[in-house]
Amino acid sequence: MNIDDKLAPLRYNTDSESHLSVDNDVCMRCKTKSCTKVCPANVYEWCEDDGILRIRYENCLECGACRIACEKKNIAWRYPKASYGVKFKNG
Amino acid sequence: MVNSKIDVIVVGGGCAGISASIVLARAGKKVLLVERGDFSGSKNVFGGTIYARQTAEIFPKFWETAPVEREIKEHKFFLLSENNSFEASYKEDKETEHNCYTVNRAKWDRWACEKAQKEGVLFAPKTLVKALVKQNNKVIGIETEYEKYYADIVILADGVNSLLAKSIGLREEIKPSDVALSVKEVIKLPRNVIEERFHLENSFGTACRIISGPLKNMFAMGFMYTNLDSISIGFGVSVKDLKNRDKKPYEILEELKAHPTIAPYIKGGELVEYNAHLIPEGGFKAIPKLYSDGVMIVGDAAMFVNSLHFEGTNLAMLSGKLAAETAIGAIDKKDFSALCLSEYERKIKSSIVYKDLKTYSKPMKIAEKNLEFLLTYAPYKICKFFEIFTTADNRPKRNKYRKFIKDAIRERGVFGLIKAMWCLFRMGIGIIK
Ligand SMILES: Cc1cc2nc3c(=O)[nH]c(=O)nc-3n(C[C@H](O)[C@H](O)[C@H](O)COP(=O)(O)OP(=O)(O)OC[C@H]3O[C@@H](n4cnc5c(N)ncnc54)[C@H](O)[C@@H]3O)c2cc1C
Ligand code: SF4
Ligand code: SF4
């Protein structure tokens, strides 16, 4: 089962604006790209051709792992605005 | 939302926050519980089981009315190797007192929060606290997306990430080695199928811990729990180890689900939820400063988790209660200074929260240094031993045992094996000393 199938049953109330942001220049120089390795929702993807970190914030599970994993402390991490984001039915 | 003066604001409607606010309300204090989710539980994730004796201190006889899933009567331990496994099980005496129950956090937290409201707690859902309001270095209130609210004391129960505790310098940034990421799936299956597969009577249930196999070479532990009509399966792994891995957490979860020992339990089930959450695993050494002028921190925000025993909800509820009792004393004395609130730290230090985390402080340090042996080599070797013990063929048993020992010496060296035994001995001594 791939990550999209895993995320499919979840309900989200998606904000039009991202709650996650990075300074892309810092990502360019980042060797580890740890955010892409730890994220359980595959939110981060490094696009080599364009040299940008793609952030699919709408899939975020709000765990906080990326914030801790990024050695450069480059993720401006916030919770989504109240009542936005993921809604768990089981937890 | 609120017009009269609030005694205490509690940030975060999880186990710790609900417990703190209900204890305050029962003492007649005016308490506002603030939660960012649509309802308590809509953002919360755990394994898992709540512990009946400690939960009942806040919610007496909760099992009669609360939305619990199954009363756990069996605890299984799986040691996985590549394609085989060793399993041990402890079955509780069915007649004894309730020990633990699986719950669904979205239902349990919501129930507990509704109970708190009935007992007088003012509840503000869909409210994100963005910052703490300070005056002369004292915390005097909270700032939400829309307004500010003031109170004599603020209790931070905002969970493992606690950006708020960090903002006032009570907590430092968590180290990747002090926190685990957990991913989990809830897999729906008919009740009778679950009861057959786990050999369950009535609504009793099983809790499983899983070591090694697809989780090898990482500081990781898996779990599997029976709910009424679903199975929760997942694992927690140190963020430090995950960073150095080329597999994504959900890919490792797929491997765990596909292991020949695990797969038959969940076969044919339907995924109803995939979720993730952090677990504070720094233990004793990671406990931050617990109070300052006008503020205390409780639960995961204070890193109160005994990760070896999967205990967090009980420590959250207990710390919430102790902070609330401290707040009640402070309100009666009208003294909200750090000096007065230091009573909370004294209470924590004489409780099992502190004592249990301290018990494991040294053994966990030793374990961290010998992880590969404990969580990979030993489980694989135990499986290998039972393979030899149970296999009948034309090779003499003595030769097989000799080879088993020779292999161990070749793989680890005599010194390595002695060191491993010494590590186990020191861990044991560390716990009881
Ligand atoms: C996978 C997993 C398995 C576990 N298994 C077990 C188990 O079997 N048994 C056990 O006892 N423990 C277990 N634990 C640990 C347990 O879940 C936690 O210790 C416990 O939930 C901590 O309670 P808490 O109230 O401190 O934090 P939480 O339950 O995380 O609650 C924090 C609350 O604060 C809210 N919040 C956060 N920030 C803000 C803000 N700025 N404004 C408003 N609201 C905010 C959140 O929405 C949330 O409701 C497990 C944990 C995980 C992740
Ligand atoms: S780990 Fe940090 S710096 Fe590196 S790519 Fe990710 S966000 Fe950018
Ligand atoms: S908070 Fe968790 S789910 Fe969201 S982007 Fe970060 S790692 Fe991914």
# chains A, B, ... in the order shown; residues from 1 in each chain; ligands from 1
>>> interface_residues(of="chain B", to="chain A", cutoff="6 Å", atoms="only C-alpha atoms", output="ChimeraX atom specification")
/B:36-38,42-45,104-106,126-128,242-243,248-249,274,277-278
>>> write_last_selection(atoms="C-alpha atoms", output="compact mmCIF listing (two decimals), in the first residue's frame")
# COMPACT_ATOMS: atom_id res chain seq x y z
CA ARG B 36 -7.09 23.65 19.09
CA GLY B 37 -9.05 20.69 17.70
CA ASP B 38 -12.77 20.70 16.88
CA SER B 42 -9.58 15.09 17.16
CA LYS B 43 -5.82 15.75 17.04
CA ASN B 44 -4.65 13.03 19.40
CA VAL B 45 -3.03 9.69 18.70
CA ASN B 104 -9.93 5.17 20.73
CA ARG B 105 -8.55 8.61 21.59
CA ALA B 106 -11.04 10.51 19.45
CA LYS B 126 -11.29 25.27 17.92
CA THR B 127 -9.02 27.69 19.77
CA LEU B 128 -5.31 27.74 19.03
CA LEU B 242 14.92 7.48 11.10
CA LYS B 243 16.97 10.37 9.73
CA LYS B 248 10.35 5.97 4.98
CA PRO B 249 8.39 5.26 8.15
CA TYR B 274 -3.38 5.95 9.25
CA HIS B 277 2.49 11.26 16.50
CA LEU B 278 5.67 11.94 18.45
>>> select_by_dssp(residues="chain A", states="strand (DSSP E or B)", output="PyMOL selection string")
chain A and resi 11-13+20-22+44-47+52-55+75-77+85-87
>>> residues_near_ligand(ligand="ligand 1", cutoff="6 Å", atoms="only C-alpha atoms and all ligand atoms", output="CSV table (one decimal) with N, CA, C and O atoms, in the first residue's frame")
chain,number,residue,atom,x,y,z
B,11,VAL,N,-4.0,24.9,28.8
B,11,VAL,CA,-3.9,24.8,27.3
B,11,VAL,C,-3.7,23.4,26.9
B,11,VAL,O,-2.7,22.7,27.3
B,12,GLY,N,-4.6,22.8,26.1
B,12,GLY,CA,-4.5,21.5,25.6
B,12,GLY,C,-5.5,20.5,26.3
B,12,GLY,O,-5.4,20.2,27.5
B,13,GLY,N,-6.4,20.0,25.5
B,13,GLY,CA,-7.5,19.1,26.0
B,13,GLY,C,-7.2,17.7,25.8
B,13,GLY,O,-8.0,16.9,25.3
B,14,GLY,N,-5.9,17.2,26.1
B,14,GLY,CA,-5.6,15.8,26.1
B,14,GLY,C,-5.7,15.2,27.5
B,14,GLY,O,-6.4,15.8,28.4
B,15,CYS,N,-5.1,14.1,27.7
B,15,CYS,CA,-5.2,13.4,29.0
B,15,CYS,C,-4.8,14.3,30.2
B,15,CYS,O,-5.5,14.4,31.2
B,16,ALA,N,-3.7,15.0,30.1
B,16,ALA,CA,-3.1,15.9,31.2
B,16,ALA,C,-4.0,17.1,31.4
B,16,ALA,O,-4.4,17.4,32.6
B,17,GLY,N,-4.4,17.7,30.3
B,17,GLY,CA,-5.2,19.0,30.5
B,17,GLY,C,-6.6,18.7,31.0
B,17,GLY,O,-7.1,19.5,31.9
B,34,VAL,N,-8.6,25.1,27.0
B,34,VAL,CA,-8.5,25.5,25.6
B,34,VAL,C,-7.9,24.4,24.7
B,34,VAL,O,-6.8,23.9,25.0
B,35,GLU,N,-8.6,24.2,23.6
B,35,GLU,CA,-8.1,23.0,22.7
B,35,GLU,C,-8.2,23.5,21.2
B,35,GLU,O,-9.2,24.1,20.8
B,36,ARG,N,-7.1,23.2,20.5
B,36,ARG,CA,-7.1,23.6,19.1
B,36,ARG,C,-8.0,22.8,18.2
B,36,ARG,O,-8.5,23.3,17.2
B,37,GLY,N,-8.2,21.6,18.5
B,37,GLY,CA,-9.1,20.7,17.7
B,37,GLY,C,-10.5,21.0,17.8
B,37,GLY,O,-11.0,21.8,18.7
B,40,SER,N,-12.0,17.6,21.8
B,40,SER,CA,-10.9,16.9,22.5
B,40,SER,C,-10.7,15.5,21.8
B,40,SER,O,-11.6,14.8,21.8
B,41,GLY,N,-9.5,15.3,21.4
B,41,GLY,CA,-9.2,13.9,20.8
B,41,GLY,C,-9.1,14.0,19.3
B,41,GLY,O,-8.5,13.1,18.6
B,43,LYS,N,-7.2,15.6,17.5
B,43,LYS,CA,-5.8,15.8,17.0
B,43,LYS,C,-4.9,14.7,17.7
B,43,LYS,O,-3.7,14.8,17.6
B,44,ASN,N,-5.5,13.8,18.5
B,44,ASN,CA,-4.7,13.0,19.4
B,44,ASN,C,-4.5,11.6,18.9
B,44,ASN,O,-5.5,11.0,18.4
B,45,VAL,N,-3.4,11.0,19.2
B,45,VAL,CA,-3.0,9.7,18.7
B,45,VAL,C,-2.3,9.0,19.8
B,45,VAL,O,-1.4,9.6,20.4
B,46,PHE,N,-2.6,7.7,20.1
B,46,PHE,CA,-1.7,6.9,20.9
B,46,PHE,C,-1.8,5.4,20.4
B,46,PHE,O,-2.3,5.2,19.3
B,47,GLY,N,-1.3,4.4,21.2
B,47,GLY,CA,-1.2,3.1,20.8
B,47,GLY,C,-2.6,2.3,20.7
B,47,GLY,O,-3.0,2.0,19.6
B,48,GLY,N,-3.3,2.1,21.8
B,48,GLY,CA,-2.7,2.1,23.1
B,48,GLY,C,-3.8,1.7,24.2
B,48,GLY,O,-5.0,1.5,23.9
B,49,THR,N,-3.3,1.6,25.4
B,49,THR,CA,-4.1,1.4,26.5
B,49,THR,C,-4.0,2.4,27.6
B,49,THR,O,-3.0,3.0,27.8
B,50,ILE,N,-5.2,2.7,28.2
B,50,ILE,CA,-5.2,3.5,29.4
B,50,ILE,C,-5.2,2.6,30.6
B,50,ILE,O,-5.6,1.4,30.5
B,127,THR,N,-9.7,26.5,19.3
B,127,THR,CA,-9.0,27.7,19.8
B,127,THR,C,-7.5,27.4,19.9
B,127,THR,O,-7.1,26.6,20.7
B,128,LEU,N,-6.8,28.0,19.0
B,128,LEU,CA,-5.3,27.7,19.0
B,128,LEU,C,-4.6,28.8,19.9
B,128,LEU,O,-4.8,30.0,19.6
B,129,VAL,N,-3.9,28.4,20.9
B,129,VAL,CA,-3.1,29.3,21.7
B,129,VAL,C,-1.8,29.6,20.9
B,129,VAL,O,-1.0,28.7,20.6
B,130,LYS,N,-1.6,30.9,20.5
B,130,LYS,CA,-0.4,31.2,19.7
B,130,LYS,C,0.8,31.7,20.6
B,130,LYS,O,1.9,31.5,20.2
B,157,ALA,N,-0.5,22.1,28.9
B,157,ALA,CA,-0.8,20.6,28.7
B,157,ALA,C,-0.9,20.4,27.2
B,157,ALA,O,-1.7,19.7,26.7
B,158,ASP,N,0.0,21.1,26.5
B,158,ASP,CA,-0.1,21.2,25.0
B,158,ASP,C,0.7,20.1,24.3
B,158,ASP,O,1.0,20.2,23.1
B,159,GLY,N,1.1,19.1,25.0
B,159,GLY,CA,1.6,17.9,24.3
B,159,GLY,C,3.1,18.0,24.0
B,159,GLY,O,3.8,19.0,24.3
B,182,SER,N,6.0,7.9,15.8
B,182,SER,CA,5.2,6.7,15.7
B,182,SER,C,4.3,6.8,14.6
B,182,SER,O,3.6,7.8,14.4
B,277,HIS,N,2.3,10.4,15.3
B,277,HIS,CA,2.5,11.3,16.5
B,277,HIS,C,3.9,11.1,17.1
B,277,HIS,O,4.5,10.0,16.9
B,278,LEU,N,4.4,12.1,17.8
B,278,LEU,CA,5.7,11.9,18.5
B,278,LEU,C,5.5,11.4,19.9
B,278,LEU,O,4.4,11.6,20.5
B,279,ILE,N,6.5,10.7,20.4
B,279,ILE,CA,6.5,10.2,21.7
B,279,ILE,C,7.8,10.7,22.4
B,279,ILE,O,8.9,10.5,21.9
B,299,GLY,N,2.2,16.5,31.7
B,299,GLY,CA,2.0,15.5,30.6
B,299,GLY,C,3.2,15.4,29.7
B,299,GLY,O,4.4,15.7,30.0
B,300,ASP,N,2.9,15.2,28.4
B,300,ASP,CA,3.9,15.1,27.4
B,300,ASP,C,4.7,16.4,27.2
B,300,ASP,O,5.9,16.3,26.9
B,301,ALA,N,4.1,17.5,27.5
B,301,ALA,CA,4.8,18.8,27.4
B,301,ALA,C,6.0,18.8,28.4
B,301,ALA,O,7.0,19.4,28.1
B,305,VAL,N,6.9,10.4,29.9
B,305,VAL,CA,6.5,9.2,29.3
B,305,VAL,C,7.6,8.1,29.7
B,305,VAL,O,8.8,8.3,29.7
B,310,PHE,N,5.3,1.7,27.8
B,310,PHE,CA,4.2,2.4,27.1
B,310,PHE,C,3.2,3.1,28.0
B,310,PHE,O,2.0,3.0,27.9
B,311,GLU,N,3.8,3.8,29.0
B,311,GLU,CA,3.0,4.5,29.9
B,311,GLU,C,3.1,6.0,29.7
B,311,GLU,O,4.3,6.5,29.8
B,312,GLY,N,2.1,6.7,29.4
B,312,GLY,CA,2.1,8.1,29.2
B,312,GLY,C,0.8,8.8,29.6
B,312,GLY,O,0.8,9.8,30.3
B,313,THR,N,-0.3,8.1,29.3
B,313,THR,CA,-1.6,8.7,29.7
B,313,THR,C,-1.7,8.8,31.2
B,313,THR,O,-2.2,9.8,31.7
B,314,ASN,N,-1.2,7.7,31.9
B,314,ASN,CA,-1.3,7.7,33.3
B,314,ASN,C,-0.5,8.8,34.0
B,314,ASN,O,-0.9,9.5,34.9
B,316,ALA,N,0.4,11.5,32.5
B,316,ALA,CA,-0.2,12.8,32.1
B,316,ALA,C,-1.3,13.1,33.1
B,316,ALA,O,-1.4,14.2,33.6
>>> residues_around(residues="Tyr150 (chain B)", least_positions_apart="6", cutoff="10 Å", atoms="only C-alpha atoms", output="NGL selection string")
:B and (5-9 or 132-134 or 139-143)
>>> closest_residue(among="A:Glu45, A:Asp50, A:Thr14, A:Glu58", to="ligand 2", atoms="only C-alpha atoms and all ligand atoms")
A:Glu45
>>> residues_around(residues="Glu95 (chain B)", least_positions_apart="4", cutoff="12 Å", atoms="only C-alpha atoms", output="ChimeraX atom specification")
/B:73,91,99
>>> write_last_selection(atoms="N, CA and C atoms", output="JSON list (two decimals), in the first residue's frame")
[["chain", "number", "residue", "atom", "x", "y", "z"],
["B", 73, "LYS", "N", -6.45, -8.52, 28.79],
["B", 73, "LYS", "CA", -6.17, -9.61, 29.72],
["B", 73, "LYS", "C", -4.96, -10.43, 29.29],
["B", 91, "LYS", "N", -0.81, -14.02, 30.58],
["B", 91, "LYS", "CA", -2.26, -13.88, 30.69],
["B", 91, "LYS", "C", -2.61, -13.48, 32.12],
["B", 99, "ASN", "N", -7.08, -3.84, 34.87],
["B", 99, "ASN", "CA", -5.72, -3.31, 34.75],
["B", 99, "ASN", "C", -5.64, -2.25, 33.64]]
>>> residues_around(residues="region 257-267 of chain B", least_positions_apart="6", cutoff="9 Å", atoms="only C-alpha atoms", output="PyMOL selection string")
chain B and resi 78+80+82-85+187-189+194+197-198+213-214+231+233-234
>>> select_by_dssp(residues="region 194-372 of chain B", states="helix (DSSP H, G or I)", output="ChimeraX atom specification")
/B:194-197,213-215,239-243,249-258,263-266,283-286,299-302,307-309,313-333,338-349,352-359,361-369,371-372
>>> residues_around(residues="Ile55 (chain A)", least_positions_apart="6", cutoff="10 Å", atoms="only C-alpha atoms", output="PyMOL selection string")
chain A and resi 18+20-22+36+42-46
>>> write_last_selection(atoms="C-alpha atoms", output="mmCIF file, in the first residue's frame")
data_model
loop_
_atom_site.group_PDB
_atom_site.id
_atom_site.type_symbol
_atom_site.label_atom_id
_atom_site.label_comp_id
_atom_site.auth_asym_id
_atom_site.auth_seq_id
_atom_site.Cartn_x
_atom_site.Cartn_y
_atom_site.Cartn_z
ATOM 1 C CA SER A 18 0.420 26.625 4.108
ATOM 2 C CA LEU A 20 4.750 25.045 6.874
ATOM 3 C CA SER A 21 7.441 27.105 5.213
ATOM 4 C CA VAL A 22 11.171 26.919 4.570
ATOM 5 C CA THR A 36 12.002 14.044 3.343
ATOM 6 C CA ASN A 42 5.581 12.320 2.512
ATOM 7 C CA VAL A 43 4.895 16.043 2.648
ATOM 8 C CA TYR A 44 8.406 17.063 1.546
ATOM 9 C CA GLU A 45 9.916 16.242 -1.805
ATOM 10 C CA TRP A 46 13.211 17.599 -3.080
#
>>> residues_around(residues="region 375-387 of chain B", least_positions_apart="5", cutoff="7 Å", atoms="only C-alpha atoms", output="PyMOL selection string")
chain B and resi 79-81+84-86+211-212+216-217
>>> write_last_selection(atoms="all heavy atoms", output="PDB file, in the first residue's frame")
ATOM      1  N   LEU B  79       9.279 -11.556  19.328  1.00  0.00           N
ATOM      2  CA  LEU B  79      10.629 -11.265  18.844  1.00  0.00           C
ATOM      3  C   LEU B  79      10.676 -11.777  17.414  1.00  0.00           C
ATOM      4  O   LEU B  79      10.520 -12.968  17.179  1.00  0.00           O
ATOM      5  CB  LEU B  79      11.689 -12.010  19.671  1.00  0.00           C
ATOM      6  CG  LEU B  79      11.748 -11.749  21.172  1.00  0.00           C
ATOM      7  CD1 LEU B  79      12.920 -12.501  21.782  1.00  0.00           C
ATOM      8  CD2 LEU B  79      11.909 -10.262  21.442  1.00  0.00           C
ATOM      9  N   LEU B  80      10.864 -10.869  16.474  1.00  0.00           N
ATOM     10  CA  LEU B  80      10.833 -11.279  15.069  1.00  0.00           C
ATOM     11  C   LEU B  80      12.242 -11.440  14.521  1.00  0.00           C
ATOM     12  O   LEU B  80      13.139 -10.662  14.840  1.00  0.00           O
ATOM     13  CB  LEU B  80      10.103 -10.240  14.217  1.00  0.00           C
ATOM     14  CG  LEU B  80       8.697  -9.827  14.619  1.00  0.00           C
ATOM     15  CD1 LEU B  80       8.142  -8.850  13.584  1.00  0.00           C
ATOM     16  CD2 LEU B  80       7.781 -11.024  14.766  1.00  0.00           C
ATOM     17  N   SER B  81      12.399 -12.456  13.681  1.00  0.00           N
ATOM     18  CA  SER B  81      13.605 -12.574  12.882  1.00  0.00           C
ATOM     19  C   SER B  81      13.146 -12.348  11.437  1.00  0.00           C
ATOM     20  O   SER B  81      12.036 -11.864  11.222  1.00  0.00           O
ATOM     21  CB  SER B  81      14.205 -13.953  13.142  1.00  0.00           C
ATOM     22  OG  SER B  81      15.251 -14.195  12.279  1.00  0.00           O
ATOM     23  N   ASN B  84      10.943 -15.864  10.747  1.00  0.00           N
ATOM     24  CA  ASN B  84      10.390 -16.617  11.868  1.00  0.00           C
ATOM     25  C   ASN B  84      10.322 -15.730  13.095  1.00  0.00           C
ATOM     26  O   ASN B  84      10.670 -14.551  13.044  1.00  0.00           O
ATOM     27  CB  ASN B  84      11.181 -17.903  12.122  1.00  0.00           C
ATOM     28  CG  ASN B  84      12.672 -17.638  12.207  1.00  0.00           C
ATOM     29  OD1 ASN B  84      13.097 -16.487  12.203  1.00  0.00           O
ATOM     30  ND2 ASN B  84      13.461 -18.678  12.291  1.00  0.00           N
ATOM     31  N   SER B  85       9.851 -16.296  14.206  1.00  0.00           N
ATOM     32  CA  SER B  85       9.653 -15.449  15.381  1.00  0.00           C
ATOM     33  C   SER B  85       9.585 -16.296  16.638  1.00  0.00           C
ATOM     34  O   SER B  85       9.318 -17.497  16.586  1.00  0.00           O
ATOM     35  CB  SER B  85       8.352 -14.673  15.244  1.00  0.00           C
ATOM     36  OG  SER B  85       7.263 -15.569  15.173  1.00  0.00           O
ATOM     37  N   PHE B  86       9.820 -15.639  17.768  1.00  0.00           N
ATOM     38  CA  PHE B  86       9.620 -16.259  19.071  1.00  0.00           C
ATOM     39  C   PHE B  86       8.592 -15.410  19.795  1.00  0.00           C
ATOM     40  O   PHE B  86       8.599 -14.190  19.706  1.00  0.00           O
ATOM     41  CB  PHE B  86      10.936 -16.282  19.859  1.00  0.00           C
ATOM     42  CG  PHE B  86      10.759 -16.775  21.259  1.00  0.00           C
ATOM     43  CD1 PHE B  86      10.584 -18.135  21.493  1.00  0.00           C
ATOM     44  CD2 PHE B  86      10.733 -15.894  22.329  1.00  0.00           C
ATOM     45  CE1 PHE B  86      10.398 -18.597  22.790  1.00  0.00           C
ATOM     46  CE2 PHE B  86      10.547 -16.357  23.626  1.00  0.00           C
ATOM     47  CZ  PHE B  86      10.380 -17.708  23.857  1.00  0.00           C
ATOM     48  N   ILE B 211       9.357  -6.699  18.665  1.00  0.00           N
ATOM     49  CA  ILE B 211      10.760  -6.292  18.615  1.00  0.00           C
ATOM     50  C   ILE B 211      11.439  -6.899  17.388  1.00  0.00           C
ATOM     51  O   ILE B 211      11.203  -8.061  17.054  1.00  0.00           O
ATOM     52  CB  ILE B 211      11.485  -6.738  19.911  1.00  0.00           C
ATOM     53  CG1 ILE B 211      10.958  -5.915  21.090  1.00  0.00           C
ATOM     54  CG2 ILE B 211      12.994  -6.558  19.804  1.00  0.00           C
ATOM     55  CD1 ILE B 211      11.477  -6.354  22.419  1.00  0.00           C
ATOM     56  N   SER B 212      12.270  -6.093  16.749  1.00  0.00           N
ATOM     57  CA  SER B 212      13.154  -6.519  15.662  1.00  0.00           C
ATOM     58  C   SER B 212      12.412  -6.924  14.373  1.00  0.00           C
ATOM     59  O   SER B 212      11.356  -6.385  14.101  1.00  0.00           O
ATOM     60  CB  SER B 212      14.087  -7.626  16.154  1.00  0.00           C
ATOM     61  OG  SER B 212      15.243  -7.629  15.361  1.00  0.00           O
ATOM     62  N   LYS B 216      14.694  -3.982  12.846  1.00  0.00           N
ATOM     63  CA  LYS B 216      16.064  -4.227  13.311  1.00  0.00           C
ATOM     64  C   LYS B 216      16.992  -3.031  13.008  1.00  0.00           C
ATOM     65  O   LYS B 216      16.697  -2.216  12.136  1.00  0.00           O
ATOM     66  CB  LYS B 216      16.622  -5.502  12.679  1.00  0.00           C
ATOM     67  CG  LYS B 216      16.896  -5.374  11.218  1.00  0.00           C
ATOM     68  CD  LYS B 216      17.520  -6.648  10.669  1.00  0.00           C
ATOM     69  CE  LYS B 216      17.794  -6.432   9.208  1.00  0.00           C
ATOM     70  NZ  LYS B 216      17.522  -7.517   8.343  1.00  0.00           N
ATOM     71  N   ASN B 217      18.074  -2.967  13.798  1.00  0.00           N
ATOM     72  CA  ASN B 217      19.071  -1.905  13.645  1.00  0.00           C
ATOM     73  C   ASN B 217      18.535  -0.494  13.843  1.00  0.00           C
ATOM     74  O   ASN B 217      19.058   0.464  13.282  1.00  0.00           O
ATOM     75  CB  ASN B 217      19.765  -1.992  12.285  1.00  0.00           C
ATOM     76  CG  ASN B 217      20.557  -3.280  12.161  1.00  0.00           C
ATOM     77  OD1 ASN B 217      21.127  -3.749  13.149  1.00  0.00           O
ATOM     78  ND2 ASN B 217      20.565  -3.867  10.984  1.00  0.00           N
TER      79      ASN B 217
END
>>> closest_residue(among="A:Lys72, A:Asn59, A:Tyr12, A:Arg54", to="ligand 2", atoms="only C-alpha atoms and all ligand atoms")
A:Lys72
